[in-house]
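Listing of target.txt; format and content: compact mmCIF, C-alpha atoms.
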# COMPACT_ATOMS: atom_id res chain seq x y z
CA MET A 23 5.81 -15.90 7.76
CA HIS A 24 8.61 -14.62 10.00
CA ARG A 25 10.22 -11.31 9.07
CA PRO A 26 12.54 -10.01 11.79
CA ILE A 27 14.02 -7.35 9.46
CA ARG A 28 11.63 -4.44 9.03
CA SER A 29 11.36 -2.63 5.70
CA PHE A 30 10.64 0.71 7.38
CA VAL A 31 12.17 2.99 9.97
CA LEU A 32 9.64 4.43 12.40
CA ARG A 33 10.36 8.17 12.48
CA GLN A 34 8.82 10.58 14.96
CA GLY A 35 7.37 12.97 12.40
CA ARG A 36 5.85 16.28 13.42
CA LEU A 37 2.06 16.46 13.36
CA SER A 38 0.42 19.60 12.02
CA THR A 39 -2.52 21.00 13.92
CA GLY A 40 -4.91 19.75 11.24
CA GLN A 41 -3.41 16.26 11.25
CA SER A 42 -3.55 16.08 15.05
CA ARG A 43 -7.20 17.13 15.07
CA ALA A 44 -7.99 14.58 12.36
CA VAL A 45 -6.42 11.75 14.37
CA GLU A 46 -8.36 12.83 17.47
CA ASN A 47 -11.72 13.57 15.87
CA ILE A 48 -11.91 11.45 12.71
CA GLY A 49 -9.65 8.58 13.76
CA PRO A 50 -12.27 6.88 15.97
CA ARG A 51 -14.54 6.60 12.92
CA LEU A 52 -12.07 5.57 10.23
CA ILE A 53 -9.12 3.91 12.02
CA ILE A 54 -9.38 0.16 12.57
CA PRO A 55 -7.36 -0.68 15.70
CA TYR A 56 -4.84 -3.44 15.17
CA SER A 57 -6.01 -6.77 16.55
CA PRO A 58 -4.98 -10.34 15.66
CA THR A 59 -8.54 -10.98 14.49
CA VAL A 60 -9.63 -11.44 10.88
CA LEU A 61 -11.66 -8.50 9.59
CA ASP A 62 -15.22 -8.85 8.37
CA TYR A 63 -15.17 -6.32 5.53
CA GLU A 64 -18.96 -6.14 5.28
CA ASN A 65 -19.14 -5.27 8.97
CA VAL A 66 -16.30 -2.73 8.73
CA PHE A 67 -17.73 -0.85 5.74
CA GLY A 68 -21.42 -1.56 6.18
CA ARG A 69 -21.65 -3.11 2.74
CA ALA A 70 -20.37 -5.95 0.58
CA ALA A 71 -17.91 -4.66 -2.04
CA PRO A 72 -14.52 -5.63 -3.53
CA THR A 73 -11.82 -4.69 -1.04
CA ILE A 74 -8.35 -3.34 -1.87
CA VAL A 75 -5.48 -2.90 0.60
CA GLU A 76 -2.77 -0.28 0.12
CA ILE A 77 0.50 -0.72 2.00
CA GLY A 78 2.51 2.36 2.97
CA PHE A 79 0.32 5.19 1.68
CA GLY A 80 2.65 7.98 2.82
CA MET A 81 0.71 11.26 3.10
CA GLY A 82 -2.28 9.62 1.42
CA HIS A 83 -2.95 11.89 -1.55
CA THR A 84 -3.00 9.09 -4.13
CA THR A 85 -4.99 6.88 -1.76
CA ALA A 86 -7.67 9.53 -1.39
CA ASP A 87 -7.79 10.08 -5.16
CA ILE A 88 -8.20 6.37 -5.86
CA ALA A 89 -10.88 5.89 -3.20
CA ALA A 90 -12.77 8.90 -4.60
CA SER A 91 -12.53 7.65 -8.19
CA LEU A 92 -13.62 4.08 -7.34
CA PRO A 93 -16.56 4.50 -4.93
CA ASP A 94 -17.81 0.98 -5.67
CA LYS A 95 -14.73 -0.49 -3.94
CA ASN A 96 -13.62 -0.59 -0.30
CA PHE A 97 -10.09 0.56 0.58
CA ILE A 98 -7.96 -0.22 3.63
CA GLY A 99 -4.76 1.82 3.91
CA ILE A 100 -1.91 0.57 6.09
CA GLU A 101 0.66 3.09 7.34
CA VAL A 102 2.87 3.34 10.43
CA HIS A 103 3.65 7.06 10.40
CA THR A 104 1.19 9.26 12.29
CA PRO A 105 1.53 12.43 10.13
CA GLY A 106 0.50 10.41 7.07
CA VAL A 107 -2.39 8.86 8.94
CA GLY A 108 -3.55 12.31 10.05
CA SER A 109 -3.18 13.68 6.53
CA LEU A 110 -5.30 10.92 4.96
CA LEU A 111 -7.94 11.15 7.70
CA LYS A 112 -8.26 14.88 7.00
CA MET A 113 -8.69 14.31 3.25
CA ALA A 114 -11.13 11.45 3.81
CA ASP A 115 -13.29 13.69 5.95
CA GLU A 116 -13.11 16.65 3.55
CA ARG A 117 -14.00 14.44 0.58
CA THR A 118 -16.56 12.27 2.44
CA LEU A 119 -14.75 9.05 1.61
CA ASP A 120 -16.93 6.49 3.35
CA ASN A 121 -15.20 3.65 1.46
CA LEU A 122 -11.84 4.19 3.19
CA ARG A 123 -10.43 2.82 6.46
CA ILE A 124 -6.93 2.93 8.00
CA VAL A 125 -4.84 0.53 10.07
CA GLN A 126 -1.79 2.10 11.72
CA HIS A 127 0.47 -0.88 12.20
CA ASP A 128 3.16 -3.02 10.57
CA ALA A 129 1.74 -4.29 7.27
CA VAL A 130 3.13 -7.80 7.62
CA GLU A 131 1.33 -8.36 10.92
CA VAL A 132 -1.86 -6.82 9.55
CA LEU A 133 -1.78 -9.14 6.54
CA GLN A 134 -0.96 -12.17 8.65
CA HIS A 135 -3.61 -11.66 11.29
CA MET A 136 -6.35 -9.33 10.02
CA ILE A 137 -6.73 -10.13 6.31
CA ALA A 138 -8.33 -13.41 5.34
CA ASP A 139 -6.79 -15.57 2.63
CA ASN A 140 -8.43 -15.33 -0.82
CA SER A 141 -10.36 -12.21 0.21
CA LEU A 142 -8.86 -9.16 -1.56
CA ALA A 143 -9.64 -7.78 -5.00
CA GLY A 144 -6.34 -5.92 -5.03
CA LEU A 145 -3.14 -4.88 -3.28
CA HIS A 146 -1.38 -1.56 -3.95
CA ILE A 147 2.19 -0.70 -2.97
CA PHE A 148 3.36 2.60 -4.44
CA PHE A 149 6.91 3.89 -4.08
CA PRO A 150 8.13 1.72 -1.21
CA ASP A 151 11.51 2.65 0.26
CA PRO A 152 14.09 1.44 -2.31
CA TRP A 153 16.86 1.02 0.28
CA PRO A 154 19.37 1.86 -2.48
CA LYS A 155 22.57 0.75 -0.74
CA LYS A 156 23.35 -2.88 -1.54
CA ARG A 157 23.91 -3.79 2.10
CA HIS A 158 20.35 -2.61 2.82
CA HIS A 159 18.63 -4.56 0.04
CA LYS A 160 17.54 -7.15 2.60
CA ARG A 161 15.24 -4.47 4.03
CA ARG A 162 13.30 -4.06 0.80
CA LEU A 163 9.65 -4.94 1.15
CA ILE A 164 9.30 -6.77 -2.14
CA GLN A 165 10.93 -10.13 -1.51
CA ALA A 166 9.77 -13.64 -2.47
CA GLY A 167 8.40 -14.48 0.98
CA PHE A 168 6.38 -11.27 1.20
CA VAL A 169 5.01 -11.71 -2.32
CA ASN A 170 3.86 -15.20 -1.34
CA LEU A 171 1.98 -13.66 1.59
CA LEU A 172 0.40 -11.04 -0.66
CA THR A 173 -0.69 -13.71 -3.12
CA GLN A 174 -2.36 -15.75 -0.39
CA LYS A 175 -4.55 -12.77 0.48
CA LEU A 176 -5.75 -12.18 -3.09
CA MET A 177 -8.84 -13.82 -4.44
CA PRO A 178 -8.38 -15.55 -7.82
CA THR A 179 -7.91 -12.86 -10.52
CA GLY A 180 -7.06 -10.31 -7.79
CA ILE A 181 -4.42 -7.73 -8.70
CA ILE A 182 -1.06 -6.74 -7.20
CA HIS A 183 -0.11 -3.24 -8.39
CA LEU A 184 3.35 -1.93 -7.56
CA ALA A 185 5.08 1.30 -8.59
CA THR A 186 8.59 2.66 -8.04
CA ASP A 187 10.83 5.41 -9.34
CA TRP A 188 14.00 3.38 -8.70
CA HIS A 189 14.88 1.40 -11.84
CA GLU A 190 17.05 -1.23 -10.19
CA TYR A 191 14.31 -1.90 -7.64
CA ALA A 192 11.75 -2.06 -10.45
CA ASP A 193 13.84 -4.78 -12.11
CA GLN A 194 13.97 -6.70 -8.82
CA MET A 195 10.22 -6.36 -8.35
CA LEU A 196 9.62 -7.64 -11.88
CA ALA A 197 11.90 -10.63 -11.29
CA VAL A 198 10.33 -11.53 -7.95
CA LEU A 199 6.73 -11.30 -9.17
CA SER A 200 7.53 -13.12 -12.42
CA ALA A 201 9.05 -15.99 -10.43
CA SER A 202 5.78 -16.66 -8.61
CA PRO A 203 3.82 -19.47 -10.26
CA ALA A 204 0.62 -18.08 -8.75
CA LEU A 205 0.90 -14.72 -10.55
CA ALA A 206 0.62 -13.68 -14.19
CA ASN A 207 1.87 -10.40 -15.61
CA THR A 208 -0.87 -8.32 -17.24
CA ALA A 209 1.71 -6.66 -19.50
CA ALA A 210 4.84 -7.59 -21.42
CA GLY A 211 7.18 -6.44 -18.66
CA PHE A 212 6.30 -3.13 -17.02
CA ALA A 213 2.73 -1.89 -17.31
CA PRO A 214 1.35 1.48 -18.39
CA ARG A 215 0.26 3.53 -15.38
CA PRO A 216 -3.39 2.63 -14.71
CA ILE A 217 -5.58 5.70 -14.89
CA TYR A 218 -6.72 5.32 -11.29
CA ARG A 219 -3.16 5.82 -9.97
CA THR A 220 -2.89 9.58 -10.13
CA GLU A 221 0.54 11.18 -10.24
CA SER A 222 1.75 12.57 -6.94
CA ASN A 223 3.59 15.90 -6.63
CA PHE A 224 6.74 13.93 -5.82
CA GLU A 225 6.31 11.85 -8.97
CA ARG A 226 5.64 14.87 -11.21
CA LYS A 227 8.77 16.61 -9.92
CA GLY A 228 10.82 13.48 -10.64
CA LEU A 229 9.40 13.11 -14.14
CA ALA A 230 10.19 16.77 -14.84
CA LYS A 231 13.81 16.01 -13.96
CA GLY A 232 13.86 13.06 -16.33
CA HIS A 233 13.43 10.36 -13.70
CA GLY A 234 11.50 7.24 -14.65
CA VAL A 235 8.53 5.59 -12.97
CA TRP A 236 7.71 1.92 -13.42
CA ASP A 237 4.37 0.23 -12.73
CA LEU A 238 3.85 -3.51 -12.40
CA VAL A 239 0.39 -5.08 -12.51
CA PHE A 240 0.18 -8.81 -11.84
CA ARG A 241 -2.94 -10.95 -11.54
CA ARG A 242 -3.41 -13.98 -9.33
CA CYS A 243 -3.93 -17.04 -11.48
CA VAL A 244 -7.11 -19.08 -11.22
CA SER A 245 -6.10 -22.49 -9.84

Will you turn the file into structure tokens for me?
Amino acid sequence: MHRPIRSFVLRQGRLSTGQSRAVENIGPRLIIPYSPTVLDYENVFGRAAPTIVEIGFGMGHTTADIAASLPDKNFIGIEVHTPGVGSLLKMADERTLDNLRIVQHDAVEVLQHMIADNSLAGLHIFFPDPWPKKRHHKRRLIQAGFVNLLTQKLMPTGIIHLATDWHEYADQMLAVLSASPALANTAAGFAPRPIYRTESNFERKGLAKGHGVWDLVFRRCVS
């Protein structure tokens, strides 16, 4: 899959002292260096368990909550921004999250080269950049080609879980996922928020202002 247009802008965010220390001290244990080599999850985590990938975890609060609440599953978070990586590493260390690893690299290349087909129990993408201006819609992550790539990586019955607070983008997501013959919606349209996806501070502030949040949970069909 060729995607010359990136869905993210790489910003030089400022690292806090704690985040910098986490990258230096905890990173060697929990960061998986990017390499065009398919991962052996059992080797990475030291156990065989269902593996879920999250794309674009931001500052990582929801990621840490989910990994803590589902200790029987392995989690790989993909993020390009160093402050977010440092933030999640710090939380992982404080909460002793041995079921969490991080890849700091472009998600498309990670999926293409490091994640085996038919290997994931789930894929999470929460609040991706909505690129609200129409001329920027081509930068949106959720497009048909990318969804096809996601679907290839899921094992049969594996789940794609998306969430957004941008209604027009939510409608596009629903249309794109519904158009895939390999996916089935688990709800009649948008899904109730699964209990494992805890509300972020950003989300709570938006809800308090009357903003909406839309979850989509699709399952890969058994062929």

message: Quick check, in Å to one decimal: how far apart do CA of Leu184 (chain A) and CA of Ile217 (chain A) lie?
response: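 About the pair CA of Leu184 (chain A) and CA of Ile217 (chain A): they are 13.8 Å apart.
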
Can you build me a table of region 55-101 of chain A residues sitting at most 9 Å from region 112-124 of chain A, with the closest atom pair per residue and its distance in Å to one decimal, using only C-alpha atoms, sorted by chain and residue number, as a Markdown table?
| residue | atom | partner | partner_atom | distance |
| --- | --- | --- | --- | --- |
| A:Pro55 | CA | A:Ile124 | CA | 8.5 |
| A:Val66 | CA | A:Arg123 | CA | 8.4 |
| A:Phe67 | CA | A:Asn121 | CA | 6.7 |
| A:Gly82 | CA | A:Met113 | CA | 8.2 |
| A:His83 | CA | A:Met113 | CA | 7.9 |
| A:Thr85 | CA | A:Leu122 | CA | 8.9 |
| A:Ala86 | CA | A:Ala114 | CA | 6.5 |
| A:Ala89 | CA | A:Leu122 | CA | 6.7 |
| A:Ala90 | CA | A:Leu119 | CA | 6.5 |
| A:Leu92 | CA | A:Asn121 | CA | 9.0 |
| A:Pro93 | CA | A:Asn121 | CA | 6.6 |
| A:Asp94 | CA | A:Asn121 | CA | 8.0 |
| A:Lys95 | CA | A:Asn121 | CA | 6.8 |
| A:Asn96 | CA | A:Asn121 | CA | 4.9 |
| A:Phe97 | CA | A:Leu122 | CA | 4.8 |
| A:Ile98 | CA | A:Arg123 | CA | 4.8 |
| A:Gly99 | CA | A:Ile124 | CA | 4.8 |
| A:Ile100 | CA | A:Ile124 | CA | 5.9 |
| A:Glu101 | CA | A:Ile124 | CA | 7.6 |

Report as a tab-separated table the residues of region 83-160 of chain A within 12 Å of region 226-241 of chain A, each with its shortest atom pair and distance in Å (one decimal), using all atoms listed in the file, ordered by chain and increasing residue number.
residue	atom	partner	partner_atom	distance
A:Leu142	CA	A:Arg241	CA	11.7
A:Ala143	CA	A:Arg241	CA	9.9
A:Gly144	CA	A:Arg241	CA	8.9
A:Leu145	CA	A:Val239	CA	9.9
A:His146	CA	A:Val239	CA	9.4
A:Ile147	CA	A:Leu238	CA	10.0
A:Phe148	CA	A:Asp237	CA	8.7
A:Phe149	CA	A:Val235	CA	9.2

Can those selected residues be exported to a file as a compact mmCIF listing (two decimals), in the frame of the given file so that it contains C-alpha atoms?
# COMPACT_ATOMS: atom_id res chain seq x y z
CA LEU A 142 -8.86 -9.16 -1.56
CA ALA A 143 -9.64 -7.78 -5.00
CA GLY A 144 -6.34 -5.92 -5.03
CA LEU A 145 -3.14 -4.88 -3.28
CA HIS A 146 -1.38 -1.56 -3.95
CA ILE A 147 2.19 -0.70 -2.97
CA PHE A 148 3.36 2.60 -4.44
CA PHE A 149 6.91 3.89 -4.08

message: I'd like the interatomic distance between CA of Ile74 (chain A) and CA of Gly180 (chain A), to a tenth of an Å.
response: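 Spanning CA of Ile74 (chain A) to CA of Gly180 (chain A) is a straight-line distance of 9.2 Å.
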
- prompt: Taking into account all atoms listed in the file, which residue in the set A:Val125, A:Val107, A:Met136, A:Leu172 is nearest to Arg36 (chain A)?
  reply: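 For Arg36 (chain A), the nearest of the candidates is A:Val107.
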
message: Can you pull out the residues contacting Val102 (chain A)? Cut-off 9 Å, using only C-alpha atoms, and skip same-chain residues under 2 positions away; I want them as a PyMOL selection string.
response: chain A and resi 30+32+78+80+100+104+106-107+125-129

task: Choose the residue, out of A:His135, A:His183, A:Tyr56, A:Met177, that has the smallest atom-to-atom separation from Ile77 (chain A); count all atoms listed in the file.
output: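 Comparing A:His135, A:His183, A:Tyr56, A:Met177 against Ile77 (chain A), the winner is A:His183.
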
message: Between CA of Glu225 (chain A) and CA of Ala192 (chain A), what distance in Å does the model show, to one decimal?
response: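 Between these atoms lies a distance of 15.0 Å.
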
field: Nearest to Gln194 (chain A) by atom-to-atom distance, counting all atoms listed in the file, from A:Leu61, A:Leu111, A:Cys243, A:Ala166
entry: A:Ala166

Would you mind writing region 76-99 of chain A with N, CA, C and O atoms, as a short mmCIF file (atom, residue, chain, number, x, y, z; two decimals), in the frame of the given file?
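Wrote selection.cif, looks like this:
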data_model
loop_
_atom_site.label_atom_id
_atom_site.label_comp_id
_atom_site.auth_asym_id
_atom_site.auth_seq_id
_atom_site.Cartn_x
_atom_site.Cartn_y
_atom_site.Cartn_z
N GLU A 76 -3.99 -0.98 0.52
CA GLU A 76 -2.77 -0.28 0.12
C GLU A 76 -1.79 -0.29 1.28
O GLU A 76 -2.15 0.04 2.41
N ILE A 77 -0.55 -0.63 0.98
CA ILE A 77 0.50 -0.72 2.00
C ILE A 77 1.43 0.48 1.87
O ILE A 77 1.99 0.72 0.80
N GLY A 78 1.59 1.22 2.96
CA GLY A 78 2.51 2.36 2.97
C GLY A 78 2.02 3.51 2.13
O GLY A 78 2.65 3.87 1.13
N PHE A 79 0.91 4.16 2.54
CA PHE A 79 0.32 5.19 1.68
C PHE A 79 0.96 6.57 1.85
O PHE A 79 0.54 7.53 1.19
N GLY A 80 1.97 6.70 2.69
CA GLY A 80 2.65 7.98 2.82
C GLY A 80 1.72 9.05 3.37
O GLY A 80 1.08 8.86 4.40
N MET A 81 1.60 10.18 2.66
CA MET A 81 0.71 11.26 3.10
C MET A 81 -0.72 11.06 2.58
O MET A 81 -1.60 11.84 2.90
N GLY A 82 -0.93 10.05 1.75
CA GLY A 82 -2.28 9.62 1.42
C GLY A 82 -2.97 10.30 0.25
O GLY A 82 -4.13 10.01 -0.02
N HIS A 83 -2.27 11.18 -0.47
CA HIS A 83 -2.95 11.89 -1.55
C HIS A 83 -3.44 10.94 -2.65
O HIS A 83 -4.60 11.04 -3.10
N THR A 84 -2.59 10.03 -3.08
CA THR A 84 -3.00 9.09 -4.13
C THR A 84 -4.09 8.17 -3.61
O THR A 84 -5.04 7.84 -4.33
N THR A 85 -3.98 7.75 -2.37
CA THR A 85 -4.99 6.88 -1.76
C THR A 85 -6.36 7.55 -1.79
O THR A 85 -7.36 6.92 -2.15
N ALA A 86 -6.40 8.80 -1.39
CA ALA A 86 -7.67 9.53 -1.39
C ALA A 86 -8.22 9.67 -2.81
O ALA A 86 -9.43 9.51 -3.04
N ASP A 87 -7.34 9.96 -3.77
CA ASP A 87 -7.79 10.08 -5.16
C ASP A 87 -8.39 8.77 -5.67
O ASP A 87 -9.43 8.77 -6.34
N ILE A 88 -7.71 7.66 -5.37
CA ILE A 88 -8.20 6.37 -5.86
C ILE A 88 -9.53 6.02 -5.21
O ILE A 88 -10.46 5.56 -5.88
N ALA A 89 -9.63 6.21 -3.89
CA ALA A 89 -10.88 5.89 -3.20
C ALA A 89 -12.03 6.75 -3.74
O ALA A 89 -13.17 6.28 -3.88
N ALA A 90 -11.73 8.02 -4.06
CA ALA A 90 -12.77 8.90 -4.60
C ALA A 90 -13.19 8.49 -6.01
O ALA A 90 -14.37 8.60 -6.37
N SER A 91 -12.23 8.00 -6.80
CA SER A 91 -12.53 7.65 -8.19
C SER A 91 -13.17 6.27 -8.33
O SER A 91 -13.75 5.96 -9.38
N LEU A 92 -13.06 5.44 -7.29
CA LEU A 92 -13.62 4.08 -7.34
C LEU A 92 -14.55 3.87 -6.15
O LEU A 92 -14.28 3.07 -5.25
N PRO A 93 -15.67 4.58 -6.10
CA PRO A 93 -16.56 4.50 -4.93
C PRO A 93 -17.23 3.15 -4.75
O PRO A 93 -17.77 2.88 -3.67
N ASP A 94 -17.19 2.31 -5.78
CA ASP A 94 -17.81 0.98 -5.67
C ASP A 94 -16.89 -0.03 -5.00
O ASP A 94 -17.27 -1.19 -4.83
N LYS A 95 -15.68 0.41 -4.60
CA LYS A 95 -14.73 -0.49 -3.94
C LYS A 95 -14.41 0.02 -2.54
O LYS A 95 -14.45 1.22 -2.28
N ASN A 96 -14.08 -0.92 -1.65
CA ASN A 96 -13.62 -0.59 -0.30
C ASN A 96 -12.10 -0.52 -0.29
O ASN A 96 -11.43 -1.32 -0.96
N PHE A 97 -11.53 0.41 0.49
CA PHE A 97 -10.09 0.56 0.58
C PHE A 97 -9.64 0.56 2.04
O PHE A 97 -10.23 1.24 2.88
N ILE A 98 -8.60 -0.22 2.32
CA ILE A 98 -7.96 -0.22 3.63
C ILE A 98 -6.51 0.20 3.42
O ILE A 98 -5.75 -0.47 2.72
N GLY A 99 -6.13 1.33 4.00
CA GLY A 99 -4.76 1.82 3.91
C GLY A 99 -3.99 1.45 5.16
O GLY A 99 -4.48 1.62 6.28
#
